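Asker: Supplied structure: protein04.txt, compact mmCIF, C-alpha atoms and all ligand atoms.
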# COMPACT_ATOMS: atom_id res chain seq x y z
CA MET X 1 2.76 -8.83 15.02
CA ALA X 2 0.42 -8.27 17.97
CA TRP X 3 -3.19 -8.54 16.86
CA ARG X 4 -5.56 -6.24 18.69
CA TYR X 5 -8.93 -6.75 17.10
CA ALA X 6 -10.78 -8.28 14.15
CA LEU X 7 -14.26 -8.11 12.70
CA LEU X 8 -16.08 -9.95 9.95
CA ILE X 9 -18.21 -7.94 7.54
CA THR X 10 -21.27 -9.25 5.72
CA PRO X 11 -20.83 -7.21 2.53
CA VAL X 12 -23.91 -5.39 1.23
CA ALA X 13 -24.54 -4.25 -2.35
CA ALA X 14 -22.88 -0.94 -3.26
CA ASP X 15 -26.31 0.71 -3.77
CA ASP X 16 -27.79 -0.48 -0.45
CA PRO X 17 -29.61 2.60 0.96
CA ALA X 18 -28.92 1.68 4.61
CA THR X 19 -26.93 4.18 6.65
CA ASP X 20 -26.11 2.15 9.76
CA PHE X 21 -24.14 -1.03 9.13
CA ALA X 22 -23.43 -2.08 12.72
CA GLY X 23 -25.65 -5.13 12.21
CA THR X 24 -23.38 -6.37 9.40
CA PHE X 25 -20.28 -6.49 11.63
CA THR X 26 -19.32 -9.42 13.84
CA ASP X 27 -16.45 -8.98 16.28
CA ILE X 28 -14.19 -12.02 16.25
CA ASP X 29 -11.24 -13.19 18.31
CA PRO X 30 -8.17 -12.22 16.20
CA ALA X 31 -6.22 -15.12 17.72
CA ALA X 32 -8.83 -17.78 16.91
CA PRO X 33 -9.58 -19.54 13.57
CA ALA X 34 -12.25 -17.64 11.65
CA LEU X 35 -12.30 -18.65 7.97
CA PRO X 36 -13.47 -21.87 6.30
CA VAL X 37 -10.80 -24.00 4.61
CA GLY X 38 -12.48 -23.37 1.24
CA GLU X 39 -11.63 -19.64 1.39
CA LEU X 40 -10.30 -18.57 -1.99
CA SER X 41 -8.21 -15.87 -0.33
CA ALA X 42 -6.23 -18.63 1.35
CA GLN X 43 -6.42 -21.13 -1.52
CA ARG X 44 -5.58 -18.78 -4.38
CA GLY X 45 -4.83 -15.35 -2.98
CA ASP X 46 -8.02 -14.37 -4.80
CA GLY X 47 -9.06 -11.11 -3.26
CA VAL X 48 -7.97 -7.53 -2.65
CA PHE X 49 -6.84 -5.64 0.41
CA GLU X 50 -5.72 -2.36 1.92
CA SER X 51 -3.37 -1.53 4.80
CA ILE X 52 -4.21 1.72 6.57
CA GLY X 53 -1.70 3.36 8.89
CA VAL X 54 -3.14 4.51 12.22
CA VAL X 55 -1.48 7.10 14.45
CA ASP X 56 -2.79 7.55 18.00
CA GLY X 57 -6.14 6.09 16.99
CA HIS X 58 -6.49 8.20 13.82
CA PRO X 59 -6.72 6.13 10.60
CA GLN X 60 -4.85 8.00 7.85
CA GLU X 61 -6.26 8.73 4.39
CA VAL X 62 -9.31 6.49 4.78
CA GLU X 63 -11.06 7.80 1.66
CA ALA X 64 -8.00 7.24 -0.55
CA HIS X 65 -7.74 3.68 0.73
CA LEU X 66 -11.46 3.03 0.18
CA GLN X 67 -11.19 4.40 -3.35
CA ARG X 68 -8.25 2.10 -4.09
CA LEU X 69 -10.09 -0.86 -2.56
CA ALA X 70 -12.97 -0.16 -4.95
CA HIS X 71 -10.53 0.21 -7.87
CA SER X 72 -8.84 -3.10 -7.03
CA ALA X 73 -12.23 -4.82 -6.66
CA ARG X 74 -13.27 -3.51 -10.08
CA LEU X 75 -10.08 -4.80 -11.73
CA ALA X 76 -10.53 -8.20 -10.06
CA ASP X 77 -14.26 -8.48 -10.95
CA LEU X 78 -15.26 -8.48 -7.30
CA PRO X 79 -18.50 -6.80 -6.18
CA GLU X 80 -18.04 -3.08 -5.53
CA PRO X 81 -17.52 -2.43 -1.81
CA HIS X 82 -20.17 -0.25 -0.14
CA ALA X 83 -18.08 2.78 0.85
CA ALA X 84 -20.17 3.76 3.91
CA GLN X 85 -20.18 0.20 5.21
CA TRP X 86 -16.38 -0.03 4.99
CA ARG X 87 -15.97 3.48 6.41
CA GLN X 88 -17.96 2.42 9.48
CA ALA X 89 -15.93 -0.78 9.78
CA VAL X 90 -12.71 1.28 9.74
CA ALA X 91 -14.08 3.65 12.39
CA ARG X 92 -15.02 0.68 14.59
CA ALA X 93 -11.56 -0.85 14.13
CA ALA X 94 -9.88 2.50 14.87
CA GLY X 95 -11.56 2.47 18.25
CA HIS X 96 -9.37 -0.53 19.12
CA CYS X 97 -6.04 1.00 18.06
CA GLY X 98 -5.08 3.01 21.13
CA GLU X 99 -1.98 5.20 21.36
CA GLY X 100 1.03 4.77 19.06
CA GLU X 101 1.13 3.35 15.56
CA ALA X 102 -1.12 0.55 14.36
CA VAL X 103 -2.31 -0.92 11.09
CA ILE X 104 -5.87 -1.61 10.00
CA LYS X 105 -6.17 -4.16 7.20
CA LEU X 106 -9.24 -4.38 5.00
CA ILE X 107 -9.68 -7.65 3.13
CA LEU X 108 -12.24 -8.46 0.45
CA SER X 109 -12.00 -12.04 -0.77
CA ARG X 110 -13.92 -13.87 -3.48
CA GLY X 111 -15.17 -16.04 -0.63
CA VAL X 112 -15.61 -19.75 -0.33
CA GLU X 113 -15.34 -21.82 -3.49
CA HIS X 114 -18.85 -22.27 -4.93
CA GLY X 115 -20.07 -20.14 -2.02
CA PRO X 116 -22.79 -17.55 -2.34
CA ALA X 117 -20.89 -14.37 -1.51
CA PRO X 118 -17.53 -12.70 -1.04
CA THR X 119 -15.96 -12.71 2.40
CA ALA X 120 -14.75 -9.53 4.03
CA TRP X 121 -12.94 -8.77 7.24
CA VAL X 122 -10.91 -6.14 9.01
CA THR X 123 -7.99 -6.60 11.39
CA VAL X 124 -6.09 -4.31 13.74
CA ALA X 125 -2.49 -4.99 14.74
CA ASP X 126 0.34 -3.03 16.28
CA ALA X 127 2.65 -1.55 13.65
CA SER X 128 6.28 -2.68 13.63
CA ASP X 129 8.86 -0.20 14.85
CA PHE X 130 10.17 1.51 11.71
CA ALA X 131 12.22 4.20 13.47
CA ALA X 132 15.54 2.91 12.08
CA SER X 133 14.24 2.68 8.48
CA ARG X 134 12.86 6.22 8.72
CA THR X 135 16.02 7.81 10.11
CA ASP X 136 19.00 5.64 9.08
CA GLY X 137 17.47 4.68 5.76
CA ILE X 138 17.33 1.49 3.71
CA ARG X 139 19.50 -0.12 1.04
CA VAL X 140 17.68 -1.31 -2.08
CA ALA X 141 18.44 -3.79 -4.83
CA THR X 142 16.92 -3.23 -8.26
CA LEU X 143 15.15 -6.36 -9.48
CA ASP X 144 13.75 -7.08 -12.94
CA ARG X 145 9.98 -7.54 -12.74
CA GLY X 146 10.01 -9.25 -16.11
CA TYR X 147 7.38 -6.98 -17.71
CA ALA X 148 7.74 -4.11 -20.14
CA LEU X 149 5.94 -0.83 -19.46
CA ASP X 150 3.18 -1.64 -21.95
CA VAL X 151 2.18 -4.93 -20.32
CA PRO X 152 -0.66 -3.56 -18.13
CA ALA X 153 -2.46 -2.39 -21.30
CA ARG X 154 -1.71 -5.60 -23.22
CA ALA X 155 -2.50 -8.01 -20.37
CA PRO X 156 -4.97 -6.47 -17.92
CA TRP X 157 -5.67 -9.93 -16.45
CA LEU X 158 -2.31 -9.67 -14.70
CA LEU X 159 -4.13 -7.20 -12.39
CA LEU X 160 -0.97 -5.13 -12.13
CA GLY X 161 -2.68 -2.00 -10.83
CA ALA X 162 -4.76 -3.86 -8.23
CA LYS X 163 -3.72 -4.48 -4.64
CA THR X 164 -4.48 -8.17 -4.67
CA LEU X 165 -3.84 -10.66 -1.89
CA SER X 166 -1.33 -12.48 -4.12
CA TYR X 167 1.84 -11.04 -2.56
CA ALA X 168 4.00 -14.18 -2.78
CA VAL X 169 5.98 -12.60 -5.64
CA ASN X 170 6.45 -9.36 -3.69
CA MET X 171 7.70 -11.27 -0.64
CA ALA X 172 10.06 -13.33 -2.83
CA ALA X 173 11.51 -10.08 -4.20
CA ILE X 174 12.23 -8.81 -0.69
CA ARG X 175 13.98 -12.10 0.16
CA GLU X 176 16.07 -11.81 -3.01
CA ALA X 177 16.98 -8.21 -2.13
CA LYS X 178 18.14 -9.43 1.30
CA ARG X 179 20.22 -12.16 -0.32
CA ARG X 180 21.90 -9.36 -2.26
CA GLY X 181 22.75 -7.53 0.96
CA ALA X 182 19.96 -4.94 0.70
CA ASP X 183 16.91 -4.27 2.86
CA ASP X 184 14.28 -3.91 0.16
CA ALA X 185 13.76 -4.16 -3.58
CA VAL X 186 12.88 -1.73 -6.34
CA PHE X 187 11.16 -3.41 -9.27
CA VAL X 188 12.42 -2.45 -12.70
CA SER X 189 10.56 -3.01 -15.99
CA SER X 190 12.19 -5.32 -18.53
CA ASP X 191 12.70 -2.24 -20.75
CA GLY X 192 14.70 -0.47 -18.06
CA PHE X 193 12.41 1.83 -16.06
CA VAL X 194 11.85 1.94 -12.31
CA LEU X 195 8.40 0.91 -11.07
CA GLU X 196 7.77 0.50 -7.33
CA ALA X 197 8.95 -1.51 -4.36
CA PRO X 198 7.18 -4.74 -3.31
CA THR X 199 5.25 -2.85 -0.60
CA ALA X 200 5.95 0.83 -1.29
CA SER X 201 6.05 3.58 -3.91
CA LEU X 202 9.27 5.15 -5.12
CA VAL X 203 9.83 8.92 -4.93
CA LEU X 204 12.96 10.65 -6.26
CA ARG X 205 14.13 14.21 -5.71
CA ARG X 206 15.90 16.01 -8.53
CA GLY X 207 16.72 19.53 -7.42
CA ASP X 208 13.42 21.03 -6.31
CA THR X 209 11.28 18.51 -8.18
CA PHE X 210 9.90 15.30 -6.70
CA VAL X 211 9.11 12.59 -9.23
CA THR X 212 7.45 9.18 -9.12
CA PRO X 213 6.58 6.66 -11.84
CA ALA X 214 3.10 7.13 -13.34
CA PRO X 215 0.60 4.52 -12.08
CA ALA X 216 -0.44 3.64 -15.65
CA VAL X 217 2.68 1.49 -15.94
CA GLY X 218 1.08 -1.22 -13.82
CA ILE X 219 1.95 -0.16 -10.32
CA LEU X 220 -0.24 0.76 -7.37
CA HIS X 221 -1.10 4.40 -7.02
CA GLY X 222 0.22 4.87 -3.49
CA THR X 223 -1.93 6.78 -1.04
CA THR X 224 1.21 7.94 0.79
CA GLN X 225 2.82 9.24 -2.41
CA LEU X 226 -0.40 11.08 -3.33
CA SER X 227 -0.63 12.68 0.10
CA LEU X 228 3.07 13.55 0.13
CA PHE X 229 2.89 15.18 -3.30
CA ALA X 230 -0.06 17.35 -2.19
CA HIS X 231 1.95 18.36 0.88
CA LEU X 232 5.09 19.11 -1.15
CA GLU X 233 3.12 21.18 -3.64
CA ALA X 234 1.55 23.15 -0.80
CA GLN X 235 5.10 23.88 0.39
CA GLY X 236 6.03 25.27 -3.03
CA HIS X 237 7.87 22.25 -4.45
CA ARG X 238 7.27 20.82 -7.89
CA THR X 239 6.03 17.27 -8.36
CA ALA X 240 5.71 15.13 -11.47
CA TYR X 241 4.75 11.68 -12.72
CA GLU X 242 7.39 10.45 -15.13
CA THR X 243 8.78 7.46 -16.95
CA ILE X 244 12.04 7.12 -15.03
CA PRO X 245 15.04 5.20 -16.44
CA VAL X 246 16.78 2.96 -13.89
CA ALA X 247 19.98 5.03 -14.19
CA ASP X 248 18.12 8.05 -12.74
CA LEU X 249 17.75 6.31 -9.39
CA ALA X 250 21.50 6.20 -8.75
CA THR X 251 21.91 9.86 -9.74
CA ALA X 252 18.93 11.25 -7.81
CA ASP X 253 19.60 13.95 -5.20
CA ALA X 254 17.61 11.81 -2.78
CA ALA X 255 15.06 8.99 -2.96
CA TRP X 256 12.55 7.35 -0.66
CA LEU X 257 10.28 4.35 -0.50
CA VAL X 258 6.96 5.59 0.84
CA SER X 259 4.07 3.55 2.18
CA SER X 260 1.20 3.74 4.65
CA VAL X 261 2.79 2.08 7.66
CA ARG X 262 6.58 2.40 7.27
CA LEU X 263 6.03 5.95 5.89
CA ALA X 264 9.07 7.62 4.23
CA ALA X 265 12.17 5.42 4.29
CA PRO X 266 15.14 7.21 2.67
CA ILE X 267 17.15 5.10 0.24
CA VAL X 268 20.83 5.19 1.21
CA ALA X 269 22.20 2.69 -1.32
CA VAL X 270 21.16 1.35 -4.73
CA ASP X 271 22.76 -1.99 -5.65
CA GLY X 272 25.60 -1.19 -3.25
CA ASP X 273 26.24 2.39 -4.44
CA ALA X 274 25.59 5.12 -1.86
CA LEU X 275 22.79 7.65 -2.30
CA PRO X 276 22.71 10.89 -0.28
CA LEU X 277 20.48 10.87 2.79
CA ASP X 278 18.67 14.16 3.38
CA ALA X 279 18.00 13.67 7.10
CA GLU X 280 16.28 17.00 7.70
CA LEU X 281 13.91 16.72 4.75
CA THR X 282 13.16 13.08 5.58
CA ALA X 283 12.31 13.98 9.17
CA SER X 284 9.97 16.73 7.98
CA LEU X 285 8.27 14.32 5.53
CA ASN X 286 7.74 11.78 8.31
CA ASP X 287 6.47 14.50 10.68
CA TYR X 288 3.89 15.35 8.05
CA LEU X 289 3.00 11.68 7.45
CA LEU X 290 2.58 11.13 11.20
CA SER X 291 0.25 14.12 11.56
CA PRO X 292 -3.51 13.39 11.32
CA ARG X 293 -4.44 13.16 7.61
CA ASP X 294 -7.86 12.65 6.04
N1 LIG H 1 3.14 -0.39 -4.13
C1 LIG H 1 2.89 -1.60 -3.59
C2 LIG H 1 3.14 -2.83 -4.41
C3 LIG H 1 2.38 -1.71 -2.29
O1 LIG H 1 2.13 -2.91 -1.76
C4 LIG H 1 2.17 -0.53 -1.55
C5 LIG H 1 1.63 -0.58 -0.19
O2 LIG H 1 1.44 -1.60 0.40
C6 LIG H 1 2.45 0.70 -2.13
C7 LIG H 1 2.94 0.74 -3.44
C8 LIG H 1 2.27 1.98 -1.37
O3 LIG H 1 0.90 2.24 -1.16
P1 LIG H 1 0.40 3.07 0.07
O4 LIG H 1 1.18 4.33 0.11
O5 LIG H 1 -1.04 3.31 -0.21
O6 LIG H 1 0.63 2.25 1.30
Would you kindly transcribe this structure into structure tokens?
Answerer:
Amino acid sequence: MAWRYALLITPVAADDPATDFAGTFTDIDPAAPALPVGELSAQRGDGVFESIGVVDGHPQEVEAHLQRLAHSARLADLPEPHAAQWRQAVARAAGHCGEGEAVIKLILSRGVEHGPAPTAWVTVADASDFAASRTDGIRVATLDRGYALDVPARAPWLLLGAKTLSYAVNMAAIREAKRRGADDAVFVSSDGFVLEAPTASLVLRRGDTFVTPAPAVGILHGTTQLSLFAHLEAQGHRTAYETIPVADLATADAAWLVSSVRLAAPIVAVDGDALPLDAELTASLNDYLLSPRD
């Protein structure tokens, strides 16, 4: 990953009346060390983050990402991010993205152990080339996540709806999917319902209806899925949040993993069984996702 830019943020209180936050940003060398060894983000993965897709310098769906950052911070008992401060940090980072696709990451960490304040920073990097995933599709393996659908309500301390920095489990799932000959994983609840992928939301098409699992089951509410559903509805399609049995994935008319940077990757196989690839529809979804979106 080619890093282009990074800045440190001195977070202000959510009710700070200031309107210009330039003085709270410090540009840093993205290739040089920047964080103290006591950082709890590094020591414990204790923090939350967002990855924003950027197309030709335009950061996509910034407000949706800032809202989810605030939601994740709330679930993790971190101080509420000041929306205008983060918005300005994103705009400053976007100025370093240039042409093509890039990714802006927002990170809010609990900070240094016993330290006075959370740590926050923003990075800009080139996006990977996802052309093959978007056109040829991806094979997925279904993997048991080990939780039933009611776990988020019974055990909120698992932070299942928060985008925390603790992605070791998600990365392990992708490695396991690859060991099984797939490209990516789809998590399944222990009671047999599909959830999400380790870094993407799952969308199925059944006839003219597009469905996705409801976020209340302990998955992230994807900004890409939200945006795509609004677009599909505007085009006259039906959309729905549902509790989706695993068996429905293999019998879907089409399915995609959707996320901010890879965008819509059509699923072409589930546990080795082929799924139809709707190339034309997929291309139109990715055209929409690549167009400037606020
Ligand atoms: N679910 C998980 C676990 C994710 O990590 C992501 C994105 O990184 C998503 C869903 C999709 O979210 P978004 O569309 O906002 O990128």
Asker: Please measure the separation of atom CA of Val270 of chain X and atom CA of Asp184 of chain X, giving the value in Å to one decimal.
Answerer: 9.9 Å
Asker: I'd like the contact shell of Leu69 of chain X - 12 Å cut-off, only C-alpha atoms, skipping same-chain residues fewer than 2 positions apart - returned as a ChimeraX atom specification.
Answerer: /X:47-52,62-67,71-76,78-83,86-87,105-109,120,161-165,220-223
Asker: Might you pull out every residue within 9 Å of Arg205 of chain X, with all atoms listed in the file counted and same-chain residues fewer than 4 positions away left off, and present them as a compact mmCIF listing (two decimals) with C-alpha atoms, in the frame of the given file?
Answerer:
# COMPACT_ATOMS: atom_id res chain seq x y z
CA THR X 209 11.28 18.51 -8.18
CA PHE X 210 9.90 15.30 -6.70
CA VAL X 211 9.11 12.59 -9.23
CA ALA X 252 18.93 11.25 -7.81
CA ASP X 253 19.60 13.95 -5.20
CA ALA X 254 17.61 11.81 -2.78
CA ALA X 255 15.06 8.99 -2.96
CA TRP X 256 12.55 7.35 -0.66
Asker: Can you write out as a tab-separated table which residues of chain X fall within 6 Å of ligand LIG 1 (chain H), alongside each residue's closest atom pair and its distance in Å to one decimal, counting only C-alpha atoms and all ligand atoms and ordering rows by chain and ascending residue number?
Answerer:
residue	atom	partner	partner_atom	distance
X:Glu196	CA	H:LIG1	N1	5.7
X:Ala197	CA	H:LIG1	N1	5.9
X:Pro198	CA	H:LIG1	C2	4.6
X:Thr199	CA	H:LIG1	O1	3.3
X:Ala200	CA	H:LIG1	C6	3.6
X:Ser201	CA	H:LIG1	C7	4.2
X:Leu220	CA	H:LIG1	N1	4.8
X:Gly222	CA	H:LIG1	O3	3.6
X:Thr223	CA	H:LIG1	O5	3.7
X:Thr224	CA	H:LIG1	O4	3.7
X:Gln225	CA	H:LIG1	O4	5.8
X:Val258	CA	H:LIG1	O4	6.0
X:Ser259	CA	H:LIG1	O4	3.6
X:Ser260	CA	H:LIG1	O6	3.7
Asker: Nearest to Ala31 of chain X: which of X:Leu158, X:Ala153, X:Ala6, X:Leu290 is it, counting all atoms listed in the file?
Answerer: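 That would be X:Ala6, the residue with the smallest distance to Ala31 of chain X.
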Asker: Just how far from atom CA of Phe187 of chain X is atom CA of Ala214 of chain X, in Å to one decimal?
Answerer: 13.9 Å
Asker: Using atom CA of Leu8 of chain X and atom CA of Leu160 of chain X as the two end points, give the distance in Å to one decimal.
Answerer: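 Between atom CA of Leu8 of chain X and atom CA of Leu160 of chain X the gap is 27.2 Å.
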Asker: Would you kindly return, as a ChimeraX atom specification, each protein, DNA or RNA residue with an atom no farther than 12 Å from any atom of Thr142 of chain X, considering all atoms listed in the file and excluding same-chain residues fewer than 4 positions away?
Answerer: /X:173-174,176-178,180-190,192-198,202,245-247,249-250,267,269-273
Asker: When distances are computed from all atoms listed in the file, which of X:Leu275, X:Val151, X:Ala240, X:Asn286 shows the smallest separation from Arg139 of chain X?
Answerer: X:Leu275
Asker: Which residue is closest to Ala265 of chain X? Choose from X:Gly137, X:Pro116, X:Gly218, X:Gly111 and count all atoms listed in the file.
Answerer: X:Gly137
Asker: Could you list, as a list in words, every residue within 10 Å of Ser291 of chain X, counting only C-alpha atoms and ignoring same-chain residues fewer than 6 positions away?
Answerer: Val55, Asp56, His58 and Gln60 of chain X
Asker: For Ala102 of chain X, which of X:Thr123, X:Ser133, X:Gln85, X:Thr251 is the closest residue, counting all atoms listed in the file?
Answerer: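 Smallest distance to Ala102 of chain X is found for X:Thr123.
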Asker: When distances are computed from only C-alpha atoms, which of X:Val12, X:Leu277, X:Ala89, X:Leu289 shows the smallest separation from Phe25 of chain X?
Answerer: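 Closest residue, counting only C-alpha atoms: X:Ala89.
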Asker: Rank X:Leu285, X:Leu149, X:Val54, X:Ala141 by their smallest atom-to-atom distance to His231 of chain X, using all atoms listed in the file, and report the top residue only.
Answerer: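 Using all atoms listed in the file, His231 of chain X sits closest to X:Leu285.
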